[in-house]
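> This is the content of target_6.cif (mmCIF, C-alpha atoms):
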```cif
data_data
#
loop_
_atom_site.label_atom_id
_atom_site.label_comp_id
_atom_site.auth_asym_id
_atom_site.auth_seq_id
_atom_site.Cartn_x
_atom_site.Cartn_y
_atom_site.Cartn_z
CA MET A 1 53.60 130.33 81.87
CA ALA A 2 55.01 128.07 84.45
CA LEU A 3 55.86 127.89 88.12
CA TYR A 4 59.23 127.54 89.80
CA ILE A 5 60.41 126.41 93.21
CA VAL A 6 62.36 128.87 95.34
CA GLU A 7 65.49 126.91 96.12
CA ALA A 8 66.28 128.65 99.39
CA ASP A 9 62.88 127.79 100.82
CA CYS A 10 62.21 124.27 99.55
CA ILE A 11 62.63 121.70 102.33
CA SER A 12 62.55 118.74 99.91
CA CYS A 13 59.46 117.22 101.50
CA GLY A 14 58.37 115.88 98.11
CA ASP A 15 54.66 116.57 98.65
CA CYS A 16 54.38 118.43 95.34
CA GLU A 17 55.79 115.71 93.10
CA PRO A 18 52.84 113.27 93.04
CA VAL A 19 50.12 115.92 92.71
CA CYS A 20 51.43 117.45 89.49
CA PRO A 21 49.02 116.54 86.65
CA THR A 22 51.74 116.97 84.03
CA GLN A 23 54.58 115.18 85.90
CA SER A 24 56.63 118.34 85.64
CA ILE A 25 58.10 118.07 89.14
CA THR A 26 61.21 116.01 89.82
CA GLU A 27 63.77 115.83 92.57
CA GLY A 28 66.83 117.78 91.47
CA ALA A 29 70.36 117.64 92.79
CA ILE A 30 69.64 120.23 95.46
CA VAL A 31 65.88 120.55 95.86
CA PHE A 32 62.80 119.69 93.82
CA LYS A 33 62.36 121.48 90.51
CA ILE A 34 59.63 122.20 87.99
CA ASP A 35 60.12 121.69 84.28
CA LYS A 36 59.07 125.04 82.83
CA ARG A 37 58.54 123.50 79.39
CA THR A 38 55.76 121.21 80.59
CA CYS A 39 54.28 123.08 83.62
CA THR A 40 50.82 124.41 82.78
CA GLU A 41 50.14 125.93 86.22
CA CYS A 42 47.45 123.21 86.24
CA GLU A 43 45.36 125.07 83.66
CA GLY A 44 42.86 122.69 82.13
CA ASP A 45 43.24 120.23 85.02
CA PHE A 46 42.52 122.18 88.21
CA ASP A 47 41.38 125.61 89.33
CA VAL A 48 44.52 126.22 91.35
CA PRO A 49 48.06 124.88 90.94
CA GLN A 50 48.15 121.67 92.95
CA CYS A 51 51.79 121.99 94.01
CA VAL A 52 51.13 125.41 95.53
CA LYS A 53 48.09 123.98 97.29
CA VAL A 54 50.02 121.13 98.99
CA CYS A 55 53.33 122.94 99.61
CA PRO A 56 53.75 123.47 103.38
CA ILE A 57 55.93 126.56 102.90
CA ASP A 58 54.47 129.95 102.02
CA ASN A 59 55.76 131.58 98.83
CA CYS A 60 57.97 128.63 97.96
CA ILE A 61 56.36 127.95 94.57
CA LEU A 62 55.91 131.10 92.49
CA PRO A 63 55.09 131.99 88.89
CA LEU A 64 58.09 132.41 86.60
CA GLU A 65 58.39 135.95 85.38
CA ALA A 66 57.64 135.54 81.70
CA MET B 1 80.36 121.97 122.76
CA ASN B 2 78.35 121.07 125.79
CA GLN B 3 79.82 117.60 126.19
CA ASP B 4 81.43 118.84 129.40
CA ALA B 5 78.26 120.32 130.76
CA LEU B 6 76.48 117.08 130.03
CA SER B 7 78.96 114.93 131.88
CA ARG B 8 78.74 117.35 134.81
CA GLU B 9 75.02 116.64 135.02
CA LEU B 10 75.72 112.94 134.71
CA ALA B 11 78.29 113.10 137.52
CA LEU B 12 75.77 114.90 139.68
CA ARG B 13 73.14 112.26 139.02
CA ILE B 14 75.56 109.46 139.79
CA GLY B 15 76.38 111.16 143.09
CA LEU B 16 72.71 111.56 143.99
CA ALA B 17 71.89 108.00 142.91
CA ALA B 18 74.73 106.67 145.07
CA ARG B 19 73.29 108.53 148.03
CA ALA B 20 69.99 106.73 147.49
CA LEU B 21 71.75 103.37 147.85
CA PRO B 22 72.83 101.94 151.23
CA ASP B 23 76.54 102.40 152.09
CA THR B 24 77.39 103.50 148.59
CA ASP B 25 79.55 106.38 147.48
CA ALA B 26 79.78 107.71 143.94
CA LYS B 27 82.99 105.77 143.33
CA ARG B 28 81.41 102.40 144.12
CA LEU B 29 78.36 103.11 141.95
CA LEU B 30 80.51 104.42 139.12
CA ALA B 31 82.59 101.22 139.16
CA VAL B 32 79.43 99.10 138.86
CA LEU B 33 77.98 101.32 136.13
CA ALA B 34 81.25 101.22 134.21
CA ASP B 35 80.94 97.43 134.31
CA CYS B 36 77.57 97.77 132.50
CA THR B 37 78.55 100.38 129.94
CA GLY B 38 82.33 100.51 129.67
CA MET B 39 84.11 103.84 129.65
CA PRO B 40 83.59 106.53 128.52
CA MET B 41 80.01 106.25 129.62
CA THR B 42 77.39 107.75 127.32
CA GLU B 43 73.85 108.78 128.16
CA SER B 44 72.38 106.31 125.69
CA GLN B 45 74.34 103.43 127.24
CA LEU B 46 73.10 104.50 130.64
CA ALA B 47 69.53 104.64 129.35
CA ASN B 48 69.81 100.96 128.42
CA ILE B 49 70.61 99.79 131.95
CA ASP B 50 67.64 98.13 133.60
CA LEU B 51 67.12 96.70 137.06
CA ALA B 52 68.35 93.22 136.17
CA THR B 53 71.53 94.53 134.51
CA LEU B 54 72.31 96.72 137.48
CA LYS B 55 71.77 93.83 139.90
CA ALA B 56 74.06 91.52 137.97
CA ALA B 57 76.77 94.08 137.28
CA GLY B 58 80.07 94.22 139.17
CA GLN B 59 79.76 90.56 140.14
CA GLY B 60 76.49 91.19 141.95
CA GLU B 61 77.71 94.16 143.96
CA PHE B 62 74.14 95.40 144.41
CA ALA B 63 72.44 91.97 144.29
CA LYS B 64 71.31 92.23 147.92
CA VAL B 65 69.88 95.74 147.63
CA ALA B 66 66.07 95.86 147.61
CA ASP B 67 64.49 96.29 144.18
CA ASP B 68 62.60 99.46 145.02
CA VAL B 69 65.75 101.14 146.35
CA LEU B 70 67.68 100.18 143.23
CA GLN B 71 64.86 101.38 141.01
CA GLN B 72 64.89 104.72 142.80
CA ALA B 73 68.63 105.01 142.13
CA LEU B 74 68.04 104.09 138.46
CA ASP B 75 65.35 106.76 138.16
CA ILE B 76 67.78 109.36 139.47
CA LEU B 77 70.47 108.13 137.07
CA LYS B 78 68.17 108.31 134.07
CA ASN B 79 66.62 111.57 135.24
CA THR B 80 63.16 110.04 135.28
CA ALA B 81 62.68 110.62 139.01
CA SER B 82 60.16 113.29 140.01
CA GLU B 83 62.98 115.68 140.98
CA LYS B 84 64.92 116.18 137.78
CA ILE B 85 68.39 117.57 137.30
CA LEU B 86 68.47 120.28 134.67
CA PRO B 87 71.67 121.42 132.97
CA ALA B 88 72.79 125.00 133.46
CA VAL B 89 71.63 127.55 130.90
CA GLN B 90 74.42 129.63 129.37
CA PRO B 91 74.16 133.31 128.55
CA TYR B 92 73.81 134.28 124.91
CA GLU B 93 73.80 137.69 123.28
CA GLU B 94 72.11 138.05 119.90
CA GLY B 95 74.69 137.92 117.13
CA GLU B 96 77.40 136.41 119.33
CA MET B 97 77.68 133.22 117.27
CA PRO B 98 78.11 133.80 113.53
CA ASN B 99 76.16 131.57 111.10
CA SER B 100 74.24 129.97 113.93
CA VAL B 101 70.67 128.76 114.12
CA ARG B 102 68.43 128.40 117.12
CA ILE B 103 66.87 125.00 117.64
CA ALA B 104 64.44 123.49 120.12
CA CYS B 105 64.42 119.87 121.26
CA ALA B 106 61.36 118.24 122.80
CA SER B 107 62.52 116.41 125.91
CA ASP B 108 61.09 114.72 128.97
CA ASP B 109 64.36 114.05 130.78
CA ALA B 110 66.65 116.91 129.67
CA ILE B 111 69.02 114.26 128.26
CA HIS B 112 67.33 112.90 125.15
CA VAL B 113 65.13 114.14 122.35
CA ASN B 114 62.36 111.85 123.54
CA GLY B 115 59.34 114.12 123.75
CA HIS B 116 56.15 114.24 121.73
CA PHE B 117 55.62 117.77 120.47
CA GLY B 118 52.26 118.10 122.17
CA GLY B 119 53.26 116.34 125.39
CA CYS B 120 56.91 116.94 126.21
CA THR B 121 57.92 118.49 129.53
CA TRP B 122 60.48 120.90 128.11
CA PHE B 123 61.82 122.46 124.98
CA MET B 124 65.58 122.58 125.34
CA VAL B 125 66.65 125.59 123.29
CA TYR B 126 70.14 125.70 121.82
CA GLN B 127 72.05 128.18 119.71
CA VAL B 128 74.19 126.11 117.36
CA ASN B 129 76.81 126.82 114.74
CA SER B 130 79.29 124.41 113.22
CA GLU B 131 81.76 124.91 116.06
CA GLU B 132 79.76 125.63 119.16
CA ALA B 133 76.47 124.75 120.78
CA ARG B 134 75.05 126.60 123.73
CA LEU B 135 72.03 125.67 125.78
CA ILE B 136 70.43 129.08 126.07
CA ASP B 137 67.03 128.28 127.52
CA ILE B 138 64.89 125.53 128.96
CA ARG B 139 61.26 126.28 128.29
CA ALA B 140 58.57 124.60 130.32
CA THR B 141 55.52 123.76 128.26
CA ASP B 142 52.85 124.05 130.96
CA ILE B 143 50.15 126.54 130.16
CA PRO B 144 50.19 129.11 132.99
CA ALA B 145 47.20 128.91 135.32
CA GLY B 146 44.46 131.32 134.30
CA LEU B 147 45.60 131.58 130.69
CA VAL B 148 42.96 130.36 128.26
CA VAL B 149 44.51 128.73 125.23
CA ASP B 150 42.41 127.78 122.21
CA ASP B 151 44.92 125.41 120.75
CA LYS B 152 47.57 123.74 122.87
CA ASN B 153 49.82 123.00 119.91
CA ILE B 154 49.76 126.56 118.61
CA TYR B 155 50.60 127.74 122.12
CA ARG B 156 53.54 125.32 122.26
CA ALA B 157 54.79 126.33 118.83
CA GLU B 158 54.60 129.99 119.87
CA GLN B 159 56.88 129.24 122.83
CA ILE B 160 59.64 128.32 120.38
CA GLN B 161 58.82 130.78 117.62
CA ASP B 162 62.37 132.17 117.72
CA CYS B 163 63.72 128.73 116.73
CA LYS B 164 64.29 127.59 113.15
CA VAL B 165 64.10 123.87 113.82
CA VAL B 166 62.34 121.73 116.39
CA TYR B 167 63.47 118.16 116.98
CA VAL B 168 60.81 115.81 118.30
CA ALA B 169 60.43 112.09 118.89
CA SER B 170 56.93 112.35 117.42
CA VAL B 171 54.42 114.92 116.23
CA GLY B 172 50.95 114.71 114.75
CA GLY B 173 50.18 115.91 111.22
CA PRO B 174 47.96 118.90 112.11
CA ALA B 175 50.44 119.98 114.81
CA ALA B 176 53.30 119.77 112.31
CA ALA B 177 51.34 122.02 109.94
CA LYS B 178 50.91 124.59 112.73
CA ILE B 179 54.65 124.46 113.47
CA VAL B 180 55.51 125.01 109.80
CA LYS B 181 53.05 127.94 109.66
CA LEU B 182 55.15 129.69 112.30
CA GLY B 183 58.28 129.24 110.19
CA ILE B 184 59.74 126.43 112.29
CA HIS B 185 61.02 123.30 110.61
CA PRO B 186 59.86 120.17 112.46
CA MET B 187 62.28 117.23 112.47
CA ARG B 188 60.93 113.91 113.68
CA LEU B 189 63.61 111.44 114.74
CA GLU B 190 63.43 107.81 113.66
CA ALA B 191 64.68 106.74 117.08
CA VAL B 192 65.26 108.47 120.40
CA ALA B 193 68.72 110.04 120.50
CA SER B 194 70.58 112.09 123.07
CA LEU B 195 70.57 115.87 122.80
CA ALA B 196 74.35 115.82 122.45
CA ASP B 197 74.19 113.37 119.50
CA ILE B 198 71.51 115.37 117.69
CA ILE B 199 73.49 118.57 118.08
CA SER B 200 76.72 117.04 116.83
CA GLN B 201 74.85 115.58 113.82
CA LEU B 202 73.44 119.01 113.05
CA GLN B 203 76.88 120.56 113.40
CA GLN B 204 78.28 118.09 110.88
CA VAL B 205 75.58 119.05 108.39
CA MET B 206 76.22 122.75 109.04
CA ALA B 207 79.96 122.30 108.53
CA GLY B 208 79.44 120.27 105.33
CA SER B 209 76.90 121.36 102.75
CA PRO B 210 73.66 122.30 104.49
CA PRO B 211 70.43 122.11 102.46
CA PRO B 212 69.42 125.52 101.06
CA TRP B 213 66.72 126.22 103.65
CA LEU B 214 69.19 125.57 106.47
CA ALA B 215 71.89 127.64 104.79
CA LYS B 216 69.35 130.45 104.54
CA ALA B 217 68.56 130.09 108.25
CA MET B 218 72.30 130.24 108.97
CA GLY B 219 72.48 133.48 107.01
CA ILE B 220 74.65 132.04 104.25
CA GLU B 221 74.05 133.26 100.72
CA VAL B 222 72.71 130.17 98.95
CA SER B 223 74.07 131.26 95.58
CA GLU B 224 77.62 131.30 97.02
CA ARG B 225 77.20 127.99 98.71
CA PHE B 226 75.90 126.00 95.79
CA LYS B 227 77.42 127.69 92.79
CA PHE B 228 79.75 124.79 92.05
CA ASP B 229 77.11 122.12 92.53
CA ARG B 230 74.84 123.84 90.09
CA GLU B 231 77.55 124.25 87.48
CA ALA B 232 78.33 120.58 87.79
CA VAL B 233 74.68 119.66 87.26
CA GLY B 234 74.35 122.00 84.29
#
```
Please, can you express the file's structure as structure tokens?

Amino acid sequence: MALYIVEADCISCGDCEPVCPTQSITEGAIVFKIDKRTCTECEGDFDVPQCVKVCPIDNCILPLEA
Amino acid sequence: MNQDALSRELALRIGLAARALPDTDAKRLLAVLADCTGMPMTESQLANIDLATLKAAGQGEFAKVADDVLQQALDILKNTASEKILPAVQPYEEGEMPNSVRIACASDDAIHVNGHFGGCTWFMVYQVNSEEARLIDIRATDIPAGLVVDDKNIYRAEQIQDCKVVYVASVGGPAAAKIVKLGIHPMRLEAVASLADIISQLQQVMAGSPPPWLAKAMGIEVSERFKFDREAVG
């Protein structure tokens, strides 16, 4: 269980990076990316994923199909 | 690109400004202006000319002209007079320009991106691809009399809803959020720049490697565009 950033929609605003409780978000070569090994979808920290909450673009951060 | 169209407007303004000055034709004014800016003359150079510069230029050619008359001529030159010169809008058929995006620029003088999103006089709307840029519409931002609008900024954003990007000199946070909600990407400039400069910058990005969201707006398959980059990164 983890989230991923849709590359074609990410505008590289960087708003998601500081709100991640597990520091799973980093700026990649093209756009920001989420480390699927450490992303918890904020479970245990928050009710809703914080990156999804602050992302200005709809449907830009989605759950990885497991 | 519309470099030609732009200099046509500039020529027209120089002609009109010359007419505002006593015993001056366009040639005389142009010579004095060229002394301030050098040739070729750009809009941003022209924007930097103030009353004192104009008075001193051309060995004091206009030194004896009254300040208010000179100021009037300057206003015409910079398109800040009450009667403004607008560039001609060019026809555009949907699909005519491959891999193009539509952009809006907030402007108060139809020369620069110098408008605040919530306060600019016009949105200059261009269709741009890496080779061509066409001014396809100039949208006034006044709310028509009798129309009740709950939120001015939403109304403004709706006027440019067909655009993918809006360039502004400034925009407030809540307004920016409303713009993004309508699927428009707001771009705030660090400093005022001419419309022509902004468009040529965008064209360079489009011709090089546009960021994925822009490539998507251009209708380019992102996977094609970035395949090699991704392989290189691993």
> With chain B as the partner and 9 Å as the cut-off, tabulate the residues of chain A that qualify, each row holding the nearest pair of atoms and their distance in Å to one decimal, using all atoms listed in the file, sorted by chain and rising number, as CSV.

```
residue,atom,partner,partner_atom,distance
A:Glu7,CA,B:Pro212,CA,6.5
A:Ala8,CA,B:Pro212,CA,4.7
A:Asp9,CA,B:Trp213,CA,5.0
A:Cys10,CA,B:Trp213,CA,6.4
A:Ile11,CA,B:Trp213,CA,6.2
A:Ser12,CA,B:Pro211,CA,8.9
A:Ala29,CA,B:Val233,CA,7.3
A:Ile30,CA,B:Pro211,CA,7.3
A:Val31,CA,B:Pro212,CA,8.0
A:Pro56,CA,B:Val180,CA,6.8
A:Ile57,CA,B:Val180,CA,7.1
A:Asp58,CA,B:Lys181,CA,8.0
```
> With C-alpha atoms retained, could you export that selection as an mmCIF file, in the coordinates of the input?

```cif
data_model
loop_
_atom_site.group_PDB
_atom_site.id
_atom_site.type_symbol
_atom_site.label_atom_id
_atom_site.label_comp_id
_atom_site.auth_asym_id
_atom_site.auth_seq_id
_atom_site.Cartn_x
_atom_site.Cartn_y
_atom_site.Cartn_z
ATOM 1 C CA GLU A 7 65.490 126.910 96.120
ATOM 2 C CA ALA A 8 66.280 128.650 99.390
ATOM 3 C CA ASP A 9 62.880 127.790 100.820
ATOM 4 C CA CYS A 10 62.210 124.270 99.550
ATOM 5 C CA ILE A 11 62.630 121.700 102.330
ATOM 6 C CA SER A 12 62.550 118.740 99.910
ATOM 7 C CA ALA A 29 70.360 117.640 92.790
ATOM 8 C CA ILE A 30 69.640 120.230 95.460
ATOM 9 C CA VAL A 31 65.880 120.550 95.860
ATOM 10 C CA PRO A 56 53.750 123.470 103.380
ATOM 11 C CA ILE A 57 55.930 126.560 102.900
ATOM 12 C CA ASP A 58 54.470 129.950 102.020
#
```
> Convert the output of the PyMOL selection byres ((chain A and resi 61) around 12) on the shown file into explicit residues, formatted as an NGL selection string.
:A and (2-11 or 16 or 25 or 32-34 or 41 or 49-60 or 62-64)
> Show which residues sit within 12 Å of Gly95 (chain B), as a list in words. Count all atoms listed in the file, and ignore same-chain residues fewer than 5 positions away.
Ser100, Val101, Arg102, Gln127, Val128, Asn129, Met218 and Gly219 of chain B
> Mind dumping the selected residues with C-alpha atoms as an mmCIF file, in the coordinates of the input?

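Printed below is selection-v2.cif as written:
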```cif
data_model
loop_
_atom_site.group_PDB
_atom_site.id
_atom_site.type_symbol
_atom_site.label_atom_id
_atom_site.label_comp_id
_atom_site.auth_asym_id
_atom_site.auth_seq_id
_atom_site.Cartn_x
_atom_site.Cartn_y
_atom_site.Cartn_z
ATOM 1 C CA SER B 100 74.240 129.970 113.930
ATOM 2 C CA VAL B 101 70.670 128.760 114.120
ATOM 3 C CA ARG B 102 68.430 128.400 117.120
ATOM 4 C CA GLN B 127 72.050 128.180 119.710
ATOM 5 C CA VAL B 128 74.190 126.110 117.360
ATOM 6 C CA ASN B 129 76.810 126.820 114.740
ATOM 7 C CA MET B 218 72.300 130.240 108.970
ATOM 8 C CA GLY B 219 72.480 133.480 107.010
#
```
> Running the PyMOL selection byres ((chain B and resi 156) around 10) on this model by hand, what would come out? Give it as a list of chain:residue names.
B:Phe117, B:Gly118, B:Gly119, B:Cys120, B:Phe123, B:Arg139, B:Ala140, B:Thr141, B:Asp142, B:Ile143, B:Asp151, B:Lys152, B:Asn153, B:Ile154, B:Tyr155, B:Ala157, B:Glu158, B:Gln159, B:Ile160, B:Gln161, B:Ala175, B:Lys178, B:Ile179
> To one decimal place, how far is CA of Asp137 (chain B) from CA of Trp122 (chain B) in Å?
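Those two atoms sit 9.9 Å apart.
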> On this structure, which residues satisfy the PyMOL selection byres ((chain B and resi 12) around 12), written as a VMD selection string?
chain B and resid 5 to 11 13 to 19 26 30 76 to 79 84 to 87
> Store the residues picked out above, limited to C-alpha atoms, as a PDB file, in the coordinates of the input.

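Saved as out-v2.pdb:
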```pdb
ATOM      1  CA  ALA B   5      78.260 120.320 130.760  1.00  0.00           C
ATOM      2  CA  LEU B   6      76.480 117.080 130.030  1.00  0.00           C
ATOM      3  CA  SER B   7      78.960 114.930 131.880  1.00  0.00           C
ATOM      4  CA  ARG B   8      78.740 117.350 134.810  1.00  0.00           C
ATOM      5  CA  GLU B   9      75.020 116.640 135.020  1.00  0.00           C
ATOM      6  CA  LEU B  10      75.720 112.940 134.710  1.00  0.00           C
ATOM      7  CA  ALA B  11      78.290 113.100 137.520  1.00  0.00           C
ATOM      8  CA  ARG B  13      73.140 112.260 139.020  1.00  0.00           C
ATOM      9  CA  ILE B  14      75.560 109.460 139.790  1.00  0.00           C
ATOM     10  CA  GLY B  15      76.380 111.160 143.090  1.00  0.00           C
ATOM     11  CA  LEU B  16      72.710 111.560 143.990  1.00  0.00           C
ATOM     12  CA  ALA B  17      71.890 108.000 142.910  1.00  0.00           C
ATOM     13  CA  ALA B  18      74.730 106.670 145.070  1.00  0.00           C
ATOM     14  CA  ARG B  19      73.290 108.530 148.030  1.00  0.00           C
ATOM     15  CA  ALA B  26      79.780 107.710 143.940  1.00  0.00           C
ATOM     16  CA  LEU B  30      80.510 104.420 139.120  1.00  0.00           C
ATOM     17  CA  ILE B  76      67.780 109.360 139.470  1.00  0.00           C
ATOM     18  CA  LEU B  77      70.470 108.130 137.070  1.00  0.00           C
ATOM     19  CA  LYS B  78      68.170 108.310 134.070  1.00  0.00           C
ATOM     20  CA  ASN B  79      66.620 111.570 135.240  1.00  0.00           C
ATOM     21  CA  LYS B  84      64.920 116.180 137.780  1.00  0.00           C
ATOM     22  CA  ILE B  85      68.390 117.570 137.300  1.00  0.00           C
ATOM     23  CA  LEU B  86      68.470 120.280 134.670  1.00  0.00           C
ATOM     24  CA  PRO B  87      71.670 121.420 132.970  1.00  0.00           C
TER      25      PRO B  87
END
```
> Rebuild region 25-39 of chain B so that it carries N, CA and C atoms, then output the result as a PDB file, in the coordinates of the input.

```pdb
ATOM      1  N   ASP B  25      79.107 105.057 147.914  1.00  0.00           N
ATOM      2  CA  ASP B  25      79.550 106.380 147.480  1.00  0.00           C
ATOM      3  C   ASP B  25      79.587 106.386 145.950  1.00  0.00           C
ATOM      4  N   ALA B  26      79.822 107.560 145.394  1.00  0.00           N
ATOM      5  CA  ALA B  26      79.780 107.710 143.940  1.00  0.00           C
ATOM      6  C   ALA B  26      80.778 106.784 143.266  1.00  0.00           C
ATOM      7  N   LYS B  27      81.922 106.586 143.910  1.00  0.00           N
ATOM      8  CA  LYS B  27      82.990 105.770 143.330  1.00  0.00           C
ATOM      9  C   LYS B  27      82.537 104.315 143.136  1.00  0.00           C
ATOM     10  N   ARG B  28      81.864 103.795 144.184  1.00  0.00           N
ATOM     11  CA  ARG B  28      81.410 102.400 144.120  1.00  0.00           C
ATOM     12  C   ARG B  28      80.357 102.243 143.014  1.00  0.00           C
ATOM     13  N   LEU B  29      79.406 103.176 142.971  1.00  0.00           N
ATOM     14  CA  LEU B  29      78.360 103.110 141.950  1.00  0.00           C
ATOM     15  C   LEU B  29      78.953 103.260 140.551  1.00  0.00           C
ATOM     16  N   LEU B  30      79.890 104.182 140.428  1.00  0.00           N
ATOM     17  CA  LEU B  30      80.510 104.420 139.120  1.00  0.00           C
ATOM     18  C   LEU B  30      81.206 103.157 138.621  1.00  0.00           C
ATOM     19  N   ALA B  31      81.882 102.446 139.538  1.00  0.00           N
ATOM     20  CA  ALA B  31      82.590 101.220 139.160  1.00  0.00           C
ATOM     21  C   ALA B  31      81.595 100.186 138.613  1.00  0.00           C
ATOM     22  N   VAL B  32      80.440 100.066 139.298  1.00  0.00           N
ATOM     23  CA  VAL B  32      79.430  99.100 138.860  1.00  0.00           C
ATOM     24  C   VAL B  32      78.833  99.523 137.519  1.00  0.00           C
ATOM     25  N   LEU B  33      78.557 100.823 137.388  1.00  0.00           N
ATOM     26  CA  LEU B  33      77.980 101.320 136.130  1.00  0.00           C
ATOM     27  C   LEU B  33      78.959 101.122 134.968  1.00  0.00           C
ATOM     28  N   ALA B  34      80.230 101.370 135.243  1.00  0.00           N
ATOM     29  CA  ALA B  34      81.250 101.220 134.210  1.00  0.00           C
ATOM     30  C   ALA B  34      81.300  99.759 133.747  1.00  0.00           C
ATOM     31  N   ASP B  35      80.995  98.850 134.663  1.00  0.00           N
ATOM     32  CA  ASP B  35      80.940  97.430 134.310  1.00  0.00           C
ATOM     33  C   ASP B  35      79.793  97.168 133.321  1.00  0.00           C
ATOM     34  N   CYS B  36      78.704  97.938 133.426  1.00  0.00           N
ATOM     35  CA  CYS B  36      77.570  97.770 132.500  1.00  0.00           C
ATOM     36  C   CYS B  36      77.849  98.411 131.152  1.00  0.00           C
ATOM     37  N   THR B  37      78.493  99.580 131.171  1.00  0.00           N
ATOM     38  CA  THR B  37      78.550 100.380 129.940  1.00  0.00           C
ATOM     39  C   THR B  37      79.943 100.446 129.340  1.00  0.00           C
ATOM     40  N   GLY B  38      80.976 100.209 130.128  1.00  0.00           N
ATOM     41  CA  GLY B  38      82.330 100.510 129.670  1.00  0.00           C
ATOM     42  C   GLY B  38      82.556 101.999 129.775  1.00  0.00           C
ATOM     43  N   MET B  39      83.797 102.412 129.584  1.00  0.00           N
ATOM     44  CA  MET B  39      84.110 103.840 129.650  1.00  0.00           C
ATOM     45  C   MET B  39      84.634 104.295 128.293  1.00  0.00           C
TER      46      MET B  39
END
```
